[in-house]
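*Asks:* I'd like to ask you about the structure that follows.
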Amino acid sequence: MPHTLILGYGNTLRGDDGAGRAVAQRLREALIGPGFEILSLHQLTPELAQNLSQAGQAIFIDASASGRPGRYMRVPLHAAPACAQFTHQATPEALLAAARALYGRSPEATLYLIPGQDFETPDSLSKPVRLAVDQLVSHLTESLRTAAPQR
């Protein structure tokens, strides 16, 4: 049965860069059940293509160096062109393309970006980013619970 794969990623030692991981960790507590696979990662890696190929929906969550802190942005994703290659860090689009090329399918996917304010203070999120994390966790919890099939 296809499930929702949530990938929150970033460097928690770089302040607001850890926002994606903070969302993933909070969602682990809020969305319990076989319909969800929630990963908190330092960075995206090519091996995630297999996880993506098995998901019905994928949600990527990351920090952004641009945008207004205190909000989040939703970006629909599409698989990158076949010529896209992996570098030091995989992109969501490249992972979607790899899932399709290697396993024959990739899920519908969305990227949520949380603009950061402070990428230097280790181990803590700035106040505006904590607010955006709270808002995104509430939004995703509500929308994913509503969309989940009733048993």
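By convention in this document, the chains of the structure tokens carry letters A, B, ... by their order, each chain's residues are numbered from 1, and ligands are numbered from 1 in the order they are shown.
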Please provide the set of residues having any atom within 12 Å of range 115-125 of chain A, restricted to only C-alpha atoms, with same-chain residues fewer than 2 positions apart removed, written as a count of residues only.
*Replies:* 38
*Asks:* Using DSSP secondary structure from the backbone, list all alpha helix (DSSP H) positions within range 5-37 of chain A, as a list of chain:residue names.
*Replies:*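 Selecting the alpha helix (DSSP H) positions of range 5-37 of chain A gives A:Ala19, A:Gly20, A:Arg21, A:Ala22, A:Val23, A:Ala24, A:Gln25, A:Arg26, A:Leu27, A:Arg28, A:Glu29, A:Ala30.
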*Asks:* Could you write out the selected residues, including all heavy atoms, as a CSV table (one decimal), in the first residue's frame?
*Replies:*
chain,number,residue,atom,x,y,z
A,19,ALA,N,15.8,23.3,10.5
A,19,ALA,CA,14.3,23.4,10.5
A,19,ALA,C,13.6,22.2,9.9
A,19,ALA,O,12.6,21.8,10.5
A,19,ALA,CB,13.9,24.7,9.8
A,20,GLY,N,14.1,21.7,8.8
A,20,GLY,CA,13.4,20.5,8.2
A,20,GLY,C,13.5,19.3,9.1
A,20,GLY,O,12.5,18.6,9.2
A,21,ARG,N,14.6,19.1,9.8
A,21,ARG,CA,14.6,18.0,10.7
A,21,ARG,C,13.7,18.2,11.9
A,21,ARG,O,13.2,17.3,12.5
A,21,ARG,CB,16.1,17.8,11.2
A,21,ARG,CG,17.0,17.4,10.0
A,21,ARG,CD,18.4,17.1,10.5
A,21,ARG,NE,18.4,15.8,11.2
A,21,ARG,CZ,19.5,15.3,11.6
A,21,ARG,NH1,20.7,15.9,11.4
A,21,ARG,NH2,19.5,14.1,12.3
A,22,ALA,N,13.6,19.5,12.4
A,22,ALA,CA,12.7,19.8,13.5
A,22,ALA,C,11.3,19.4,13.1
A,22,ALA,O,10.5,18.8,14.0
A,22,ALA,CB,12.8,21.2,13.9
A,23,VAL,N,10.9,19.7,11.9
A,23,VAL,CA,9.5,19.4,11.5
A,23,VAL,C,9.3,17.9,11.4
A,23,VAL,O,8.3,17.3,12.0
A,23,VAL,CB,9.2,20.0,10.1
A,23,VAL,CG1,7.9,19.5,9.6
A,23,VAL,CG2,9.2,21.5,10.2
A,24,ALA,N,10.3,17.2,10.9
A,24,ALA,CA,10.2,15.7,10.8
A,24,ALA,C,10.1,15.1,12.2
A,24,ALA,O,9.3,14.2,12.4
A,24,ALA,CB,11.4,15.2,10.0
A,25,GLN,N,10.9,15.5,13.1
A,25,GLN,CA,10.8,15.0,14.4
A,25,GLN,C,9.5,15.2,15.1
A,25,GLN,O,9.0,14.3,15.8
A,25,GLN,CB,12.0,15.5,15.3
A,25,GLN,CG,13.3,15.0,14.8
A,25,GLN,CD,14.5,15.8,15.2
A,25,GLN,OE1,14.4,16.8,15.9
A,25,GLN,NE2,15.7,15.3,14.9
A,26,ARG,N,8.9,16.4,14.9
A,26,ARG,CA,7.6,16.7,15.5
A,26,ARG,C,6.5,15.8,14.8
A,26,ARG,O,5.6,15.4,15.5
A,26,ARG,CB,7.3,18.2,15.4
A,26,ARG,CG,8.3,19.1,16.1
A,26,ARG,CD,7.7,19.7,17.4
A,26,ARG,NE,6.4,20.2,17.3
A,26,ARG,CZ,6.0,21.5,17.0
A,26,ARG,NH1,7.0,22.4,16.7
A,26,ARG,NH2,4.8,21.8,17.0
A,27,LEU,N,6.6,15.6,13.5
A,27,LEU,CA,5.6,14.9,12.8
A,27,LEU,C,5.7,13.4,13.2
A,27,LEU,O,4.7,12.7,13.1
A,27,LEU,CB,5.8,15.0,11.3
A,27,LEU,CG,5.4,16.4,10.7
A,27,LEU,CD1,5.7,16.4,9.2
A,27,LEU,CD2,3.9,16.7,10.9
A,28,ARG,N,6.8,12.9,13.6
A,28,ARG,CA,6.9,11.5,14.0
A,28,ARG,C,6.0,11.3,15.2
A,28,ARG,O,5.5,10.2,15.4
A,28,ARG,CB,8.4,11.2,14.5
A,28,ARG,CG,9.2,10.8,13.3
A,28,ARG,CD,10.6,10.3,13.9
A,28,ARG,NE,11.5,10.0,12.8
A,28,ARG,CZ,12.8,10.1,12.9
A,28,ARG,NH1,13.3,10.5,14.0
A,28,ARG,NH2,13.5,9.8,11.9
A,29,GLU,N,5.9,12.3,16.1
A,29,GLU,CA,5.0,12.2,17.2
A,29,GLU,C,3.5,12.3,16.9
A,29,GLU,O,2.7,11.8,17.5
A,29,GLU,CB,5.4,13.2,18.3
A,29,GLU,CG,6.8,13.1,18.8
A,29,GLU,CD,7.3,14.3,19.6
A,29,GLU,OE1,6.5,15.2,19.9
A,29,GLU,OE2,8.5,14.3,19.9
A,30,ALA,N,3.3,13.1,15.9
A,30,ALA,CA,1.9,13.5,15.5
A,30,ALA,C,1.3,12.5,14.5
A,30,ALA,O,0.0,12.3,14.5
A,30,ALA,CB,1.8,14.9,14.9
*Asks:* If you count only C-alpha atoms, which residues fall within 8 Å of Gln50 in chain A, apart from same-chain ones fewer than 3 positions away, as a list of chain:residue names?
*Replies:*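 Counting only the stated atoms, we get A:Glu47, A:Ser53, A:Gln54, A:Ala99, A:Tyr103.
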*Asks:* Could you write out that same residue set with N, CA and C atoms as a CSV table (one decimal), in the first residue's frame?
*Replies:*
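Output file part.csv follows:
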chain,number,residue,atom,x,y,z
A,47,GLU,N,20.6,6.9,-2.2
A,47,GLU,CA,19.9,5.7,-1.7
A,47,GLU,C,18.4,5.9,-1.4
A,53,SER,N,10.5,5.4,-4.5
A,53,SER,CA,9.8,4.6,-5.5
A,53,SER,C,8.6,3.8,-4.9
A,54,GLN,N,8.7,3.6,-3.6
A,54,GLN,CA,7.6,2.9,-2.9
A,54,GLN,C,6.5,3.7,-2.3
A,99,ALA,N,14.5,7.7,-8.9
A,99,ALA,CA,13.4,6.7,-8.5
A,99,ALA,C,12.7,6.2,-9.8
A,103,TYR,N,13.6,2.4,-10.6
A,103,TYR,CA,12.6,1.6,-10.0
A,103,TYR,C,11.3,1.7,-10.8
*Asks:* Using backbone DSSP assignments, extract all strand (DSSP E or B) residues from range 52-101 of chain A; output them as an MDAnalysis selection string.
*Replies:* chainID A and resid 55:64 73:77
*Asks:* Got time to write the residues from that selection, all heavy atoms, as an mmCIF file, in the first residue's frame?
*Replies:*
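Printed below is out_31.cif as written:
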data_model
loop_
_atom_site.group_PDB
_atom_site.id
_atom_site.type_symbol
_atom_site.label_atom_id
_atom_site.label_comp_id
_atom_site.auth_asym_id
_atom_site.auth_seq_id
_atom_site.Cartn_x
_atom_site.Cartn_y
_atom_site.Cartn_z
ATOM 1 N N ALA A 55 6.725 5.043 -2.365
ATOM 2 C CA ALA A 55 5.782 5.981 -1.737
ATOM 3 C C ALA A 55 4.710 6.423 -2.730
ATOM 4 O O ALA A 55 4.951 6.520 -3.931
ATOM 5 C CB ALA A 55 6.528 7.204 -1.208
ATOM 6 N N GLY A 56 3.533 6.718 -2.196
ATOM 7 C CA GLY A 56 2.469 7.288 -3.002
ATOM 8 C C GLY A 56 2.573 8.800 -3.072
ATOM 9 O O GLY A 56 2.129 9.437 -4.019
ATOM 10 N N GLN A 57 3.191 9.371 -2.064
ATOM 11 C CA GLN A 57 3.364 10.822 -1.960
ATOM 12 C C GLN A 57 4.650 11.079 -1.200
ATOM 13 O O GLN A 57 4.970 10.355 -0.254
ATOM 14 C CB GLN A 57 2.179 11.426 -1.207
ATOM 15 C CG GLN A 57 2.310 12.890 -0.887
ATOM 16 C CD GLN A 57 1.142 13.410 -0.041
ATOM 17 O OE1 GLN A 57 0.326 12.661 0.461
ATOM 18 N NE2 GLN A 57 1.084 14.711 0.125
ATOM 19 N N ALA A 58 5.391 12.117 -1.595
ATOM 20 C CA ALA A 58 6.616 12.492 -0.887
ATOM 21 C C ALA A 58 6.562 13.965 -0.515
ATOM 22 O O ALA A 58 6.123 14.804 -1.312
ATOM 23 C CB ALA A 58 7.843 12.220 -1.743
ATOM 24 N N ILE A 59 7.005 14.238 0.691
ATOM 25 C CA ILE A 59 7.080 15.615 1.178
ATOM 26 C C ILE A 59 8.511 15.859 1.645
ATOM 27 O O ILE A 59 9.002 15.174 2.542
ATOM 28 C CB ILE A 59 6.081 15.858 2.322
ATOM 29 C CG1 ILE A 59 4.652 15.658 1.818
ATOM 30 C CG2 ILE A 59 6.277 17.252 2.918
ATOM 31 C CD1 ILE A 59 3.603 15.681 2.904
ATOM 32 N N PHE A 60 9.168 16.819 1.012
ATOM 33 C CA PHE A 60 10.520 17.222 1.387
ATOM 34 C C PHE A 60 10.410 18.503 2.201
ATOM 35 O O PHE A 60 9.625 19.395 1.848
ATOM 36 C CB PHE A 60 11.356 17.506 0.138
ATOM 37 C CG PHE A 60 11.628 16.297 -0.729
ATOM 38 C CD1 PHE A 60 10.708 15.875 -1.666
ATOM 39 C CD2 PHE A 60 12.822 15.599 -0.611
ATOM 40 C CE1 PHE A 60 10.954 14.778 -2.474
ATOM 41 C CE2 PHE A 60 13.082 14.504 -1.415
ATOM 42 C CZ PHE A 60 12.147 14.090 -2.349
ATOM 43 N N ILE A 61 11.213 18.620 3.267
ATOM 44 C CA ILE A 61 11.171 19.820 4.113
ATOM 45 C C ILE A 61 12.605 20.262 4.369
ATOM 46 O O ILE A 61 13.425 19.488 4.873
ATOM 47 C CB ILE A 61 10.452 19.542 5.445
ATOM 48 C CG1 ILE A 61 9.077 18.924 5.200
ATOM 49 C CG2 ILE A 61 10.335 20.843 6.256
ATOM 50 C CD1 ILE A 61 8.482 18.244 6.410
ATOM 51 N N ASP A 62 12.897 21.522 4.036
ATOM 52 C CA ASP A 62 14.253 22.039 4.162
ATOM 53 C C ASP A 62 14.210 23.509 4.550
ATOM 54 O O ASP A 62 13.195 24.187 4.385
ATOM 55 C CB ASP A 62 14.979 21.877 2.821
ATOM 56 C CG ASP A 62 16.482 22.088 2.904
ATOM 57 O OD1 ASP A 62 17.039 22.124 4.026
ATOM 58 O OD2 ASP A 62 17.115 22.205 1.833
ATOM 59 N N ALA A 63 15.329 23.993 5.026
ATOM 60 C CA ALA A 63 15.490 25.422 5.309
ATOM 61 C C ALA A 63 15.903 26.135 4.022
ATOM 62 O O ALA A 63 16.376 25.506 3.073
ATOM 63 C CB ALA A 63 16.554 25.629 6.379
ATOM 64 N N SER A 64 15.720 27.433 3.995
ATOM 65 C CA SER A 64 16.091 28.237 2.838
ATOM 66 C C SER A 64 16.819 29.490 3.315
ATOM 67 O O SER A 64 16.445 30.072 4.343
ATOM 68 C CB SER A 64 14.835 28.634 2.059
ATOM 69 O OG SER A 64 15.159 29.553 1.038
ATOM 70 N N MET A 73 7.123 28.099 2.623
ATOM 71 C CA MET A 73 6.709 28.162 1.225
ATOM 72 C C MET A 73 6.503 26.741 0.701
ATOM 73 O O MET A 73 7.280 25.843 1.035
ATOM 74 C CB MET A 73 7.780 28.859 0.385
ATOM 75 C CG MET A 73 8.077 30.274 0.841
ATOM 76 S SD MET A 73 9.448 31.029 -0.081
ATOM 77 C CE MET A 73 10.849 30.175 0.625
ATOM 78 N N ARG A 74 5.483 26.542 -0.109
ATOM 79 C CA ARG A 74 5.186 25.244 -0.717
ATOM 80 C C ARG A 74 5.594 25.301 -2.184
ATOM 81 O O ARG A 74 5.196 26.214 -2.915
ATOM 82 C CB ARG A 74 3.696 24.949 -0.596
ATOM 83 C CG ARG A 74 3.281 23.635 -1.191
ATOM 84 C CD ARG A 74 1.756 23.469 -1.110
ATOM 85 N NE ARG A 74 1.355 22.199 -1.660
ATOM 86 C CZ ARG A 74 1.210 21.930 -2.940
ATOM 87 N NH1 ARG A 74 1.433 22.871 -3.846
ATOM 88 N NH2 ARG A 74 0.839 20.735 -3.339
ATOM 89 N N VAL A 75 6.372 24.303 -2.625
ATOM 90 C CA VAL A 75 6.855 24.239 -4.004
ATOM 91 C C VAL A 75 6.538 22.861 -4.571
ATOM 92 O O VAL A 75 7.085 21.860 -4.095
ATOM 93 C CB VAL A 75 8.389 24.478 -4.061
ATOM 94 C CG1 VAL A 75 8.888 24.421 -5.485
ATOM 95 C CG2 VAL A 75 8.771 25.778 -3.372
ATOM 96 N N PRO A 76 5.648 22.761 -5.586
ATOM 97 C CA PRO A 76 5.414 21.461 -6.228
ATOM 98 C C PRO A 76 6.692 21.003 -6.921
ATOM 99 O O PRO A 76 7.426 21.822 -7.477
ATOM 100 C CB PRO A 76 4.315 21.745 -7.242
ATOM 101 C CG PRO A 76 3.739 23.063 -6.852
ATOM 102 C CD PRO A 76 4.820 23.816 -6.137
ATOM 103 N N LEU A 77 6.962 19.712 -6.888
ATOM 104 C CA LEU A 77 8.187 19.175 -7.480
ATOM 105 C C LEU A 77 7.878 18.264 -8.658
ATOM 106 O O LEU A 77 6.831 17.619 -8.704
ATOM 107 C CB LEU A 77 8.967 18.363 -6.441
ATOM 108 C CG LEU A 77 9.557 19.127 -5.272
ATOM 109 C CD1 LEU A 77 10.182 18.147 -4.282
ATOM 110 C CD2 LEU A 77 10.597 20.120 -5.753
#
*Asks:* Could you state the separation of CA of Arg100 in chain A and CA of Ile6 in chain A in Å, given to one decimal place?
*Replies:* 18.0 Å
*Asks:* One decimal, in Å: what's the spacing between CA of Ala98 in chain A and CA of Leu7 in chain A?
*Replies:*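 Rounded to one decimal, the two atoms are 16.0 Å apart.
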*Asks:* I'd like the neighbourhood of Ala94 in chain A as a list of chain:residue names, where a residue qualifies if any of its atoms comes within 6 Å (using only C-alpha atoms), though same-chain residues fewer than 3 positions away should be ignored.
*Replies:*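 What passes the distance filter is A:Ala80, A:Thr91, A:Ala97.
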*Asks:* Now that the selection is made, can you save its residues with N, CA, C and O atoms as a JSON list (two decimals), in the first residue's frame?
*Replies:*
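Result went into out-v9.json, see below:
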[["chain", "number", "residue", "atom", "x", "y", "z"],
["A", 80, "ALA", "N", 13.62, 15.65, -12.22],
["A", 80, "ALA", "CA", 14.58, 16.38, -13.04],
["A", 80, "ALA", "C", 14.73, 15.68, -14.39],
["A", 80, "ALA", "O", 14.41, 14.50, -14.52],
["A", 91, "THR", "N", 19.42, 16.55, -4.96],
["A", 91, "THR", "CA", 18.27, 17.44, -4.88],
["A", 91, "THR", "C", 17.00, 16.58, -4.90],
["A", 91, "THR", "O", 17.03, 15.45, -5.39],
["A", 97, "ALA", "N", 13.85, 11.70, -10.16],
["A", 97, "ALA", "CA", 14.27, 11.16, -11.46],
["A", 97, "ALA", "C", 14.96, 9.81, -11.28],
["A", 97, "ALA", "O", 14.73, 8.88, -12.07]]
*Asks:* At what distance in Å, to one decimal, does CA of Ala90 in chain A lie from CA of Pro34 in chain A?
*Replies:*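 We find that CA of Pro34 in chain A and CA of Ala90 in chain A lie 26.6 Å from each other.
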*Asks:* A:Leu95, A:Pro81, A:Thr110, A:Thr4: which is nearest Gly33 in chain A, counting only C-alpha atoms?
*Replies:*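 With only C-alpha atoms as the atom set, the closest residue is A:Thr4.
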*Asks:* Can you work out which one of A:Tyr9, A:Leu144, A:Leu96, A:Thr45 has the shortest atom-to-atom distance to Ile114 in chain A, counting only C-alpha atoms?
*Replies:*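 Closest residue, counting only C-alpha atoms: A:Tyr9.
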